[in-house]
$ cat data13.cif   # mmCIF, C-alpha atoms
data_data
loop_
_atom_site.label_atom_id
_atom_site.label_comp_id
_atom_site.auth_asym_id
_atom_site.auth_seq_id
_atom_site.Cartn_x
_atom_site.Cartn_y
_atom_site.Cartn_z
CA MET P 1 8.64 22.79 -0.41
CA GLY P 2 8.95 23.20 3.35
CA SER P 3 5.49 24.74 3.83
CA LYS P 4 2.24 25.35 1.99
CA GLU P 5 3.41 28.92 1.38
CA ASP P 6 6.28 27.58 -0.74
CA LEU P 7 3.90 25.75 -3.06
CA SER P 8 3.06 28.70 -5.31
CA THR P 9 6.77 29.23 -5.99
CA ASP P 10 7.32 25.65 -7.10
CA MET P 11 3.97 24.96 -8.76
CA ALA P 12 4.76 26.27 -12.24
CA PHE P 13 8.07 24.40 -12.33
CA LEU P 14 6.66 21.12 -10.98
CA THR P 15 3.71 21.04 -13.37
CA LYS P 16 5.70 22.19 -16.40
CA ASP P 17 5.06 19.87 -19.36
CA LEU P 18 2.89 17.53 -17.27
CA ARG P 19 0.48 15.67 -19.54
CA GLY P 20 -1.36 13.88 -16.76
CA GLN P 21 -3.91 15.35 -14.39
CA TRP P 22 -2.90 17.27 -11.27
CA MET P 23 -4.76 18.88 -8.39
CA GLN P 24 -3.76 21.23 -5.62
CA ASN P 25 -4.87 20.69 -2.01
CA GLU P 26 -6.45 17.36 -2.88
CA PRO P 27 -7.99 15.64 0.21
CA MET P 28 -6.20 12.34 0.78
CA SER P 29 -9.39 10.99 2.38
CA ARG P 30 -10.52 10.45 -1.22
CA HIS P 31 -7.50 8.26 -1.92
CA THR P 32 -7.11 6.02 1.13
CA THR P 33 -9.16 2.97 2.06
CA TRP P 34 -9.53 4.32 5.61
CA ARG P 35 -11.15 7.46 4.11
CA ILE P 36 -8.87 9.53 6.34
CA GLY P 37 -6.30 12.22 5.54
CA GLY P 38 -5.84 15.94 5.02
CA PRO P 39 -4.90 17.62 1.72
CA ALA P 40 -1.82 16.90 -0.37
CA ASP P 41 -0.13 20.04 -1.66
CA LEU P 42 -0.02 18.54 -5.15
CA PHE P 43 -1.65 15.28 -6.29
CA VAL P 44 -0.54 14.01 -9.70
CA ASP P 45 -1.76 11.25 -12.03
CA PRO P 46 1.10 10.93 -14.57
CA ALA P 47 0.06 10.16 -18.14
CA ASP P 48 2.78 7.55 -18.65
CA GLU P 49 6.29 6.50 -17.66
CA SER P 50 7.93 9.47 -19.41
CA ASP P 51 5.57 11.90 -17.67
CA LEU P 52 6.44 10.31 -14.32
CA ALA P 53 10.18 10.50 -14.99
CA GLY P 54 9.98 14.20 -15.78
CA LEU P 55 8.02 14.88 -12.60
CA VAL P 56 10.42 13.10 -10.25
CA ARG P 57 13.40 14.83 -11.87
CA ARG P 58 11.78 18.23 -11.32
CA CYS P 59 10.99 17.30 -7.71
CA ARG P 60 14.66 16.42 -7.16
CA GLU P 61 15.84 19.66 -8.76
CA ALA P 62 13.44 21.73 -6.64
CA GLY P 63 14.11 19.78 -3.44
CA VAL P 64 10.42 18.86 -3.18
CA PRO P 65 9.54 15.61 -1.36
CA TRP P 66 7.35 13.07 -3.15
CA LEU P 67 5.73 9.74 -2.47
CA VAL P 68 3.66 7.25 -4.44
CA VAL P 69 0.25 5.78 -3.68
CA GLY P 70 -1.79 3.11 -5.40
CA ILE P 71 -5.26 2.50 -3.99
CA GLY P 72 -4.25 3.87 -0.58
CA SER P 73 -4.50 0.71 1.48
CA ASN P 74 -2.24 0.13 4.50
CA LEU P 75 -1.84 3.91 4.63
CA LEU P 76 -2.66 6.46 7.33
CA VAL P 77 -2.34 10.11 6.29
CA SER P 78 -2.05 12.96 8.80
CA ASP P 79 -5.09 15.13 9.40
CA ASN P 80 -2.85 18.06 8.41
CA GLY P 81 -2.19 16.50 5.02
CA ILE P 82 1.05 16.02 3.09
CA ARG P 83 3.61 18.67 2.23
CA GLY P 84 4.98 17.97 -1.22
CA VAL P 85 3.85 15.82 -4.13
CA VAL P 86 1.71 12.69 -4.02
CA ILE P 87 2.03 10.59 -7.18
CA HIS P 88 -0.78 8.20 -8.05
CA LEU P 89 -0.08 5.34 -10.43
CA GLY P 90 -3.40 4.59 -12.08
CA ARG P 91 -4.69 3.23 -15.38
CA PRO P 92 -1.64 4.17 -17.51
CA PHE P 93 0.40 1.90 -15.24
CA ALA P 94 -2.04 -1.03 -15.20
CA ASP P 95 -1.00 -2.95 -18.31
CA LYS P 96 -0.61 -6.73 -18.03
CA ARG P 97 0.30 -9.62 -20.30
CA VAL P 98 1.03 -13.33 -20.16
CA ASP P 99 4.01 -15.01 -21.81
CA ASP P 100 3.84 -18.75 -21.18
CA CYS P 101 3.92 -18.95 -17.35
CA ARG P 102 5.18 -15.41 -16.75
CA LEU P 103 2.74 -12.64 -15.89
CA THR P 104 4.13 -9.14 -16.43
CA ALA P 105 2.08 -6.29 -14.97
CA GLY P 106 2.28 -2.57 -14.24
CA ALA P 107 2.46 -1.24 -10.70
CA GLY P 108 -1.00 0.33 -10.94
CA CYS P 109 -2.78 -3.03 -11.28
CA THR P 110 -4.82 -4.06 -8.27
CA LEU P 111 -3.97 -7.45 -6.78
CA PRO P 112 -7.54 -8.84 -6.94
CA ALA P 113 -7.83 -7.95 -10.64
CA LEU P 114 -4.39 -9.39 -11.30
CA ALA P 115 -5.20 -12.63 -9.49
CA ARG P 116 -8.38 -13.04 -11.53
CA PHE P 117 -6.53 -12.25 -14.78
CA ALA P 118 -4.01 -14.98 -13.95
CA ALA P 119 -6.77 -17.44 -13.10
CA GLN P 120 -8.54 -16.78 -16.41
CA ALA P 121 -5.25 -17.58 -18.13
CA ALA P 122 -5.11 -20.88 -16.17
CA LEU P 123 -2.07 -19.73 -14.17
CA GLN P 124 -1.82 -20.58 -10.50
CA GLY P 125 0.27 -18.96 -7.76
CA LEU P 126 -1.58 -15.67 -7.19
CA GLU P 127 -4.65 -17.09 -5.46
CA PHE P 128 -3.45 -15.73 -2.11
CA ALA P 129 -3.68 -12.19 -3.53
CA SER P 130 -7.32 -12.36 -4.64
CA GLY P 131 -8.58 -10.58 -1.52
CA ILE P 132 -5.70 -8.22 -0.77
CA PRO P 133 -6.79 -4.59 -1.34
CA ALA P 134 -3.54 -3.25 -2.75
CA SER P 135 -1.85 -2.15 -5.94
CA LEU P 136 0.94 -4.31 -7.34
CA GLY P 137 3.56 -1.61 -6.70
CA GLY P 138 2.75 -1.26 -3.01
CA ALA P 139 2.33 -5.01 -2.62
CA VAL P 140 5.81 -5.67 -4.01
CA ALA P 141 7.40 -2.93 -1.89
CA MET P 142 5.74 -4.24 1.30
CA ASN P 143 5.89 -7.94 0.33
CA ALA P 144 2.15 -8.23 0.92
CA GLY P 145 0.68 -11.61 1.64
CA ALA P 146 -2.23 -13.67 2.94
CA HIS P 147 -3.24 -17.32 3.35
CA SER P 148 0.40 -18.45 3.73
CA GLY P 149 1.41 -16.84 0.44
CA SER P 150 3.25 -13.60 -0.32
CA MET P 151 4.69 -11.62 -3.21
CA GLN P 152 8.17 -13.03 -2.69
CA ASP P 153 6.80 -16.44 -3.71
CA VAL P 154 5.95 -15.27 -7.22
CA VAL P 155 8.02 -12.18 -8.10
CA GLY P 156 10.84 -12.94 -10.53
CA TRP P 157 12.01 -9.38 -11.13
CA VAL P 158 10.97 -5.77 -10.51
CA ASP P 159 11.56 -2.66 -12.62
CA VAL P 160 11.93 0.50 -10.52
CA MET P 161 12.43 4.17 -11.32
CA ASP P 162 14.90 6.22 -9.27
CA GLU P 163 14.64 9.92 -8.49
CA ASP P 164 16.60 10.73 -11.65
CA GLY P 165 13.87 9.07 -13.72
CA ALA P 166 16.12 6.14 -14.67
CA ILE P 167 14.81 2.55 -14.76
CA ARG P 168 16.72 -0.37 -13.30
CA ARG P 169 15.77 -4.00 -12.75
CA TYR P 170 16.08 -5.98 -9.53
CA GLU P 171 16.03 -9.75 -9.73
CA ARG P 172 14.18 -11.66 -6.99
CA GLU P 173 17.39 -12.43 -5.08
CA GLU P 174 18.26 -8.71 -5.00
CA MET P 175 14.93 -7.68 -3.43
CA ASP P 176 15.84 -8.69 0.15
CA PHE P 177 12.34 -10.04 0.74
CA SER P 178 11.30 -11.04 4.25
CA TYR P 179 8.06 -10.94 6.23
CA ARG P 180 6.25 -7.75 5.04
CA HIS P 181 9.56 -6.27 3.94
CA SER P 182 11.67 -5.61 0.84
CA ARG P 183 14.71 -3.49 0.07
CA LEU P 184 12.41 -0.87 -1.50
CA GLN P 185 11.23 0.26 1.92
CA GLY P 186 14.59 1.95 2.37
CA GLU P 187 15.10 3.32 -1.13
CA LYS P 188 13.89 6.35 -3.03
CA ALA P 189 12.43 4.31 -5.88
CA ILE P 190 9.10 3.66 -7.58
CA VAL P 191 7.94 0.22 -8.68
CA ILE P 192 6.99 0.49 -12.36
CA ARG P 193 6.26 -3.15 -13.22
CA ALA P 194 6.99 -6.67 -12.07
CA GLY P 195 7.38 -10.07 -13.66
CA MET P 196 5.74 -12.95 -11.79
CA GLU P 197 6.62 -16.60 -12.32
CA LEU P 198 3.47 -18.74 -12.10
CA CYS P 199 2.52 -22.33 -12.95
CA ARG P 200 0.00 -23.88 -15.31
CA GLY P 201 -3.14 -25.18 -13.64
CA ASP P 202 -6.81 -25.90 -14.15
CA ARG P 203 -8.72 -22.67 -14.61
CA GLU P 204 -11.93 -23.85 -12.93
CA SER P 205 -10.04 -25.23 -9.93
CA ILE P 206 -8.09 -21.99 -9.53
CA LEU P 207 -11.24 -19.86 -9.76
CA ARG P 208 -13.02 -22.10 -7.25
CA LEU P 209 -10.14 -21.78 -4.77
CA MET P 210 -10.18 -18.01 -5.16
CA GLU P 211 -13.92 -17.87 -4.49
CA GLU P 212 -13.41 -19.92 -1.34
CA LYS P 213 -10.73 -17.51 -0.11
CA LEU P 214 -12.93 -14.49 -0.89
CA ALA P 215 -15.90 -16.05 0.92
CA ARG P 216 -13.73 -16.63 3.98
CA ARG P 217 -12.51 -13.04 3.83
CA LYS P 218 -16.06 -11.68 3.69
CA LYS P 219 -17.02 -13.87 6.63
CA THR P 220 -14.09 -12.95 8.87
CA GLN P 221 -13.17 -9.36 7.96
CA PRO P 222 -15.07 -6.07 8.51
CA LEU P 223 -15.52 -5.17 4.86
CA ASP P 224 -18.62 -3.07 5.55
CA TRP P 225 -16.50 -0.32 7.14
CA PRO P 226 -13.54 1.66 5.77
CA ASN P 227 -10.32 0.01 6.93
CA ALA P 228 -6.69 -0.44 5.91
CA GLY P 229 -6.38 -4.19 6.29
CA SER P 230 -4.42 -5.79 9.13
CA VAL P 231 -2.96 -3.18 11.46
CA PHE P 232 -0.36 -5.22 13.35
CA LEU P 233 2.28 -7.70 12.24
CA ASN P 234 1.92 -11.19 13.64
CA PRO P 235 4.64 -11.72 16.28
CA PRO P 236 7.30 -14.37 15.66
CA GLY P 237 6.24 -17.95 16.25
CA ASP P 238 2.72 -19.31 15.96
CA LEU P 239 1.11 -16.16 17.32
CA SER P 240 -1.75 -14.11 15.90
CA ALA P 241 -1.94 -10.37 16.54
CA GLY P 242 -5.73 -10.56 16.24
CA ARG P 243 -6.00 -13.26 18.91
CA LEU P 244 -3.70 -11.33 21.26
CA ILE P 245 -5.83 -8.19 20.89
CA GLU P 246 -9.00 -10.19 21.48
CA THR P 247 -7.43 -11.82 24.56
CA ALA P 248 -6.70 -8.32 25.86
CA GLY P 249 -10.45 -7.61 25.68
CA LEU P 250 -10.20 -4.91 23.05
CA LYS P 251 -12.73 -5.98 20.42
CA GLY P 252 -15.05 -3.02 19.96
CA PHE P 253 -12.75 -0.62 21.86
CA THR P 254 -13.25 2.86 20.41
CA ILE P 255 -11.49 6.21 20.35
CA GLY P 256 -13.35 8.95 18.49
CA GLY P 257 -14.57 7.50 15.20
CA ALA P 258 -11.99 4.69 15.17
CA GLN P 259 -12.85 1.25 16.51
CA VAL P 260 -11.12 -2.09 16.96
CA SER P 261 -13.35 -4.24 14.78
CA GLU P 262 -15.84 -6.45 16.56
CA LYS P 263 -15.44 -8.94 13.72
CA HIS P 264 -11.63 -9.19 13.52
CA ALA P 265 -9.51 -7.63 16.25
CA ASN P 266 -6.52 -6.90 13.99
CA PHE P 267 -8.59 -4.42 11.99
CA ILE P 268 -9.32 -0.82 12.95
CA VAL P 269 -12.39 0.55 11.20
CA ASN P 270 -13.61 4.07 10.54
CA ARG P 271 -17.10 4.11 12.01
CA GLY P 272 -17.66 7.62 10.67
CA GLY P 273 -15.63 10.79 11.06
CA ALA P 274 -12.51 9.06 12.35
CA THR P 275 -9.34 11.15 12.23
CA ALA P 276 -5.74 10.05 11.86
CA ALA P 277 -5.22 11.17 15.45
CA ASP P 278 -8.03 8.81 16.56
CA VAL P 279 -6.41 5.88 14.75
CA LEU P 280 -2.94 6.60 16.10
CA ALA P 281 -4.28 6.90 19.64
CA LEU P 282 -6.13 3.61 19.22
CA ILE P 283 -3.03 1.86 17.85
CA GLU P 284 -1.04 3.04 20.86
CA ALA P 285 -3.76 2.00 23.31
CA VAL P 286 -3.88 -1.48 21.77
CA ARG P 287 -0.10 -1.87 21.91
CA ASN P 288 -0.02 -0.82 25.55
CA ARG P 289 -2.86 -3.13 26.60
CA VAL P 290 -1.48 -6.16 24.78
CA LYS P 291 1.98 -5.53 26.29
CA ALA P 292 0.43 -5.27 29.77
CA THR P 293 -1.82 -8.33 29.49
CA CYS P 294 0.20 -10.66 27.22
CA GLY P 295 3.77 -9.42 27.63
CA ILE P 296 4.14 -9.04 23.86
CA GLU P 297 4.90 -5.80 22.03
CA LEU P 298 2.97 -5.54 18.76
CA ARG P 299 4.43 -3.75 15.75
CA SER P 300 2.18 -1.83 13.38
CA GLU P 301 2.39 -2.58 9.66
CA VAL P 302 0.50 0.60 8.76
CA ARG P 303 2.49 3.17 6.81
CA VAL P 304 2.01 6.52 8.54
CA ILE P 305 2.74 9.63 6.49
CA GLY P 306 2.13 13.34 6.45
CA ASP P 307 2.61 16.59 8.32
CA ALA P 308 2.39 16.24 12.11
CA GLY P 309 2.12 19.98 12.54
CA GLY P 310 2.96 19.56 16.21
CA GLN P 311 -0.45 17.99 16.65
CA VAL P 312 0.16 14.28 17.10
CA ASP P 313 2.74 12.82 19.47
CA GLY P 314 4.89 10.11 17.94
CA TRP P 315 3.99 10.93 14.34
CA ARG P 316 6.39 9.32 11.93
CA THR P 317 6.94 8.89 8.21
CA GLU P 318 7.94 5.40 7.10
CA ASP P 319 10.91 4.88 4.79
CA SER P 320 8.97 3.33 1.93
CA ASN P 321 8.03 5.74 -0.85
CA GLN P 322 5.39 3.49 -2.34
CA GLY P 323 2.14 2.62 -0.58
CA GLY P 324 -0.55 0.14 -1.48
#

$ encode --input "data13.cif" --output "structure tokens"
Amino acid sequence: MGSKEDLSTDMAFLTKDLRGQWMQNEPMSRHTTWRIGGPADLFVDPADESDLAGLVRRCREAGVPWLVVGIGSNLLVSDNGIRGVVIHLGRPFADKRVDDCRLTAGAGCTLPALARFAAQAALQGLEFASGIPASLGGAVAMNAGAHSGSMQDVVGWVDVMDEDGAIRRYEREEMDFSYRHSRLQGEKAIVIRAGMELCRGDRESILRLMEEKLARRKKTQPLDWPNAGSVFLNPPGDLSAGRLIETAGLKGFTIGGAQVSEKHANFIVNRGGATAADVLALIEAVRNRVKATCGIELRSEVRVIGDAGGQVDGWRTEDSNQGG
């Protein structure tokens, strides 16, 4: 599927035997927390694991590119949209259960819901995730974290599906976890479920700690505006990307409808009508100013995907196939 014109040729084959819902030319602005993004050629909600396996096999046979999204956080989609198939792992992939101190959950679970589920079961270890707007699949792939905790601290194993529809399991030591990184960012694989090793604790104490973290998040982050979470990785050492951006005098700096948050400088918010081109231009402006004023080059942690269409300089598609 090299162009939108090719879609009609592949459509019947790709959707053959699909039991889940699918939509053509679905605006990705409906499926990203930034509320930005042009249409995906084909947007699919598989009915279950078997439905998903059949779809990825047909994509491989037809040579059609695909990627997976959860709730669309940490994701910037081109204004021209996405050529190929976008796979959304929703409710059918959101099962969860507790066995002693192990929490097993599907990739479609959201981290806040999962953290609260663990707390209600008097399991501690996921408190850091209570305010992270991500699906479990994307969080594992990107090793999401907050408040000095991250997924690598709790993940015991991960089941992934390859492009042949086969399932294999990676143990924690095989995941190559590091700061905001895992081996899955360089593989054509879909997180299906993960097993997390937690500890017994006091339910009320866990819930109270989670409420404190959420209150802090509401106080310090621009939750009233569409955003994708932190935009830049913290540089090595005891450095904060947000403080560097603020030092560079960029709080409130705006390009088009995109603005460096006045509340937290490491957030870019959509103040209304922002385009992907606005956000990319703002990211580049911030990087240049921080480099000029602080001598430090910031790296973006936003996953940028889609069809550049010759419109945006420096457009890139990240290696990871699974977004938050």

$ atom_distance --input "data13.cif" --atom1 "atom CA of Gly252 of chain P" --atom2 "atom CA of Lys219 of chain P"
17.3 Å

$ residues_near_point --input "data13.cif" --point "(-5.6, 5.9, 11.7)" --cutoff "8 Å" --atoms "all atoms listed in the file" --output "list in words"
Trp34, Ile36, Leu76, Val77, Ala258, Ile268, Ala274, Thr275, Ala276, Ala277, Asp278, Val279, Leu280, Leu282 and Ile283 of chain P

$ closest_residue --input "data13.cif" --among "P:Pro222, P:Gly63, P:Gly38, P:Pro27" --to "Leu14 of chain P" --atoms "all atoms listed in the file"
P:Gly63

$ residues_around --input "data13.cif" --residues "Arg299 of chain P" --least-positions-apart "3" --cutoff "9 Å" --atoms "only C-alpha atoms" --output "list in words"
Val231, Phe232, Leu233, Asn234, Pro235 and Arg287 of chain P

$ resolve_selection --input "data13.cif" --expression "the PyMOL selection byres ((chain P and resi 90) around 8)" --output "number ranges by chain"
P: 45, 70, 88-89, 91-94, 108-109

$ residues_near_point --input "data13.cif" --point "(-5.0, -17.4, -14.9)" --cutoff "12 Å" --atoms "all atoms listed in the file" --output "PyMOL selection string"
chain P and resi 96-103+112-127+130+197-207+210

$ write_last_selection --input "data13.cif" --atoms "C-alpha atoms" --output "mmCIF file, in the frame of the given file"
data_model
loop_
_atom_site.group_PDB
_atom_site.id
_atom_site.type_symbol
_atom_site.label_atom_id
_atom_site.label_comp_id
_atom_site.auth_asym_id
_atom_site.auth_seq_id
_atom_site.Cartn_x
_atom_site.Cartn_y
_atom_site.Cartn_z
ATOM 1 C CA LYS P 96 -0.610 -6.730 -18.030
ATOM 2 C CA ARG P 97 0.300 -9.620 -20.300
ATOM 3 C CA VAL P 98 1.030 -13.330 -20.160
ATOM 4 C CA ASP P 99 4.010 -15.010 -21.810
ATOM 5 C CA ASP P 100 3.840 -18.750 -21.180
ATOM 6 C CA CYS P 101 3.920 -18.950 -17.350
ATOM 7 C CA ARG P 102 5.180 -15.410 -16.750
ATOM 8 C CA LEU P 103 2.740 -12.640 -15.890
ATOM 9 C CA PRO P 112 -7.540 -8.840 -6.940
ATOM 10 C CA ALA P 113 -7.830 -7.950 -10.640
ATOM 11 C CA LEU P 114 -4.390 -9.390 -11.300
ATOM 12 C CA ALA P 115 -5.200 -12.630 -9.490
ATOM 13 C CA ARG P 116 -8.380 -13.040 -11.530
ATOM 14 C CA PHE P 117 -6.530 -12.250 -14.780
ATOM 15 C CA ALA P 118 -4.010 -14.980 -13.950
ATOM 16 C CA ALA P 119 -6.770 -17.440 -13.100
ATOM 17 C CA GLN P 120 -8.540 -16.780 -16.410
ATOM 18 C CA ALA P 121 -5.250 -17.580 -18.130
ATOM 19 C CA ALA P 122 -5.110 -20.880 -16.170
ATOM 20 C CA LEU P 123 -2.070 -19.730 -14.170
ATOM 21 C CA GLN P 124 -1.820 -20.580 -10.500
ATOM 22 C CA GLY P 125 0.270 -18.960 -7.760
ATOM 23 C CA LEU P 126 -1.580 -15.670 -7.190
ATOM 24 C CA GLU P 127 -4.650 -17.090 -5.460
ATOM 25 C CA SER P 130 -7.320 -12.360 -4.640
ATOM 26 C CA GLU P 197 6.620 -16.600 -12.320
ATOM 27 C CA LEU P 198 3.470 -18.740 -12.100
ATOM 28 C CA CYS P 199 2.520 -22.330 -12.950
ATOM 29 C CA ARG P 200 0.000 -23.880 -15.310
ATOM 30 C CA GLY P 201 -3.140 -25.180 -13.640
ATOM 31 C CA ASP P 202 -6.810 -25.900 -14.150
ATOM 32 C CA ARG P 203 -8.720 -22.670 -14.610
ATOM 33 C CA GLU P 204 -11.930 -23.850 -12.930
ATOM 34 C CA SER P 205 -10.040 -25.230 -9.930
ATOM 35 C CA ILE P 206 -8.090 -21.990 -9.530
ATOM 36 C CA LEU P 207 -11.240 -19.860 -9.760
ATOM 37 C CA MET P 210 -10.180 -18.010 -5.160
#

$ closest_residue --input "data13.cif" --among "P:Leu239, P:Leu214, P:Met161, P:Leu67" --to "Ala129 of chain P" --atoms "all atoms listed in the file"
P:Leu214

$ resolve_selection --input "data13.cif" --expression "the PyMOL selection byres ((chain P and resi 167-176) around 10)" --output "MDAnalysis selection string"
chainID P and resid 49 53 140:141 143 152:166 177:178 181:184 189:196

$ resolve_selection --input "data13.cif" --expression "the PyMOL selection byres ((chain P and resi 32) around 9)" --output "list in words"
Met28, Ser29, Arg30, His31, Thr33, Trp34, Arg35, Ile36, Gly37, Val69, Gly70, Ile71, Gly72, Ser73, Asn74, Leu75, Leu76, Val77, Asn227 and Ala228 of chain P

$ atom_distance --input "data13.cif" --atom1 "atom CA of Gly257 of chain P" --atom2 "atom CA of Val86 of chain P"
25.7 Å

$ atom_distance --input "data13.cif" --atom1 "atom CA of Asn266 of chain P" --atom2 "atom CA of Met142 of chain P"
17.8 Å

$ closest_residue --input "data13.cif" --among "P:Ile132, P:Met23, P:Ala248, P:Ser150" --to "Arg180 of chain P" --atoms "only C-alpha atoms"
P:Ser150

$ axis_aligned_box --input "data13.cif" --around "segment 44-55 of chain P" --padding-each-side "3 Å" --output "lines of an AutoDock Vina configuration file"
center_x = 4.2
center_y = 10.7
center_z = -14.6
size_x = 17.9
size_y = 14.4
size_z = 15.7

$ decode --input "data13.cif" --residues "segment 225-232 of chain P" --atoms "all heavy atoms" --output "JSON list (two decimals), in the first residue's frame"
[["chain", "number", "residue", "atom", "x", "y", "z"],
["P", 225, "TRP", "N", -5.45, 21.06, 28.78],
["P", 225, "TRP", "CA", -5.25, 21.18, 27.33],
["P", 225, "TRP", "C", -4.77, 19.84, 26.77],
["P", 225, "TRP", "O", -4.04, 19.11, 27.43],
["P", 225, "TRP", "CB", -4.21, 22.25, 27.01],
["P", 225, "TRP", "CG", -4.58, 23.62, 27.48],
["P", 225, "TRP", "CD1", -4.14, 24.26, 28.60],
["P", 225, "TRP", "CD2", -5.46, 24.53, 26.82],
["P", 225, "TRP", "NE1", -4.69, 25.51, 28.69],
["P", 225, "TRP", "CE2", -5.51, 25.70, 27.61],
["P", 225, "TRP", "CE3", -6.22, 24.47, 25.64],
["P", 225, "TRP", "CZ2", -6.29, 26.80, 27.26],
["P", 225, "TRP", "CZ3", -6.99, 25.57, 25.30],
["P", 225, "TRP", "CH2", -7.02, 26.72, 26.09],
["P", 226, "PRO", "N", -5.16, 19.52, 25.52],
["P", 226, "PRO", "CA", -4.65, 18.29, 24.90],
["P", 226, "PRO", "C", -3.13, 18.30, 24.84],
["P", 226, "PRO", "O", -2.52, 19.28, 24.39],
["P", 226, "PRO", "CB", -5.27, 18.32, 23.50],
["P", 226, "PRO", "CG", -6.49, 19.17, 23.63],
["P", 226, "PRO", "CD", -6.13, 20.22, 24.63],
["P", 227, "ASN", "N", -2.50, 17.22, 25.28],
["P", 227, "ASN", "CA", -1.05, 17.13, 25.26],
["P", 227, "ASN", "C", -0.66, 15.66, 25.15],
["P", 227, "ASN", "O", -1.51, 14.77, 25.22],
["P", 227, "ASN", "CB", -0.44, 17.78, 26.50],
["P", 227, "ASN", "CG", -0.73, 17.00, 27.77],
["P", 227, "ASN", "OD1", -0.06, 16.03, 28.08],
["P", 227, "ASN", "ND2", -1.77, 17.42, 28.51],
["P", 228, "ALA", "N", 0.63, 15.41, 24.99],
["P", 228, "ALA", "CA", 1.11, 14.03, 24.83],
["P", 228, "ALA", "C", 2.08, 13.64, 25.93],
["P", 228, "ALA", "O", 2.89, 12.74, 25.77],
["P", 228, "ALA", "CB", 1.78, 13.87, 23.46],
["P", 229, "GLY", "N", 1.98, 14.32, 27.07],
["P", 229, "GLY", "CA", 2.91, 14.05, 28.16],
["P", 229, "GLY", "C", 4.23, 14.76, 27.92],
["P", 229, "GLY", "O", 4.32, 15.69, 27.10],
["P", 230, "SER", "N", 5.27, 14.34, 28.62],
["P", 230, "SER", "CA", 6.58, 14.98, 28.47],
["P", 230, "SER", "C", 7.08, 14.84, 27.04],
["P", 230, "SER", "O", 6.98, 13.76, 26.44],
["P", 230, "SER", "CB", 7.59, 14.34, 29.42],
["P", 230, "SER", "OG", 7.21, 14.54, 30.76],
["P", 231, "VAL", "N", 7.63, 15.92, 26.51],
["P", 231, "VAL", "CA", 8.08, 15.93, 25.13],
["P", 231, "VAL", "C", 9.54, 15.52, 25.00],
["P", 231, "VAL", "O", 9.92, 14.80, 24.08],
["P", 231, "VAL", "CB", 7.86, 17.32, 24.50],
["P", 231, "VAL", "CG1", 8.50, 17.41, 23.11],
["P", 231, "VAL", "CG2", 6.37, 17.63, 24.41],
["P", 232, "PHE", "N", 10.38, 15.96, 25.95],
["P", 232, "PHE", "CA", 11.81, 15.71, 25.86],
["P", 232, "PHE", "C", 12.29, 14.80, 26.98],
["P", 232, "PHE", "O", 11.80, 14.86, 28.11],
["P", 232, "PHE", "CB", 12.59, 17.03, 25.92],
["P", 232, "PHE", "CG", 12.32, 17.95, 24.76],
["P", 232, "PHE", "CD1", 11.43, 19.01, 24.89],
["P", 232, "PHE", "CD2", 12.93, 17.76, 23.54],
["P", 232, "PHE", "CE1", 11.16, 19.86, 23.83],
["P", 232, "PHE", "CE2", 12.67, 18.59, 22.46],
["P", 232, "PHE", "CZ", 11.78, 19.65, 22.61]]
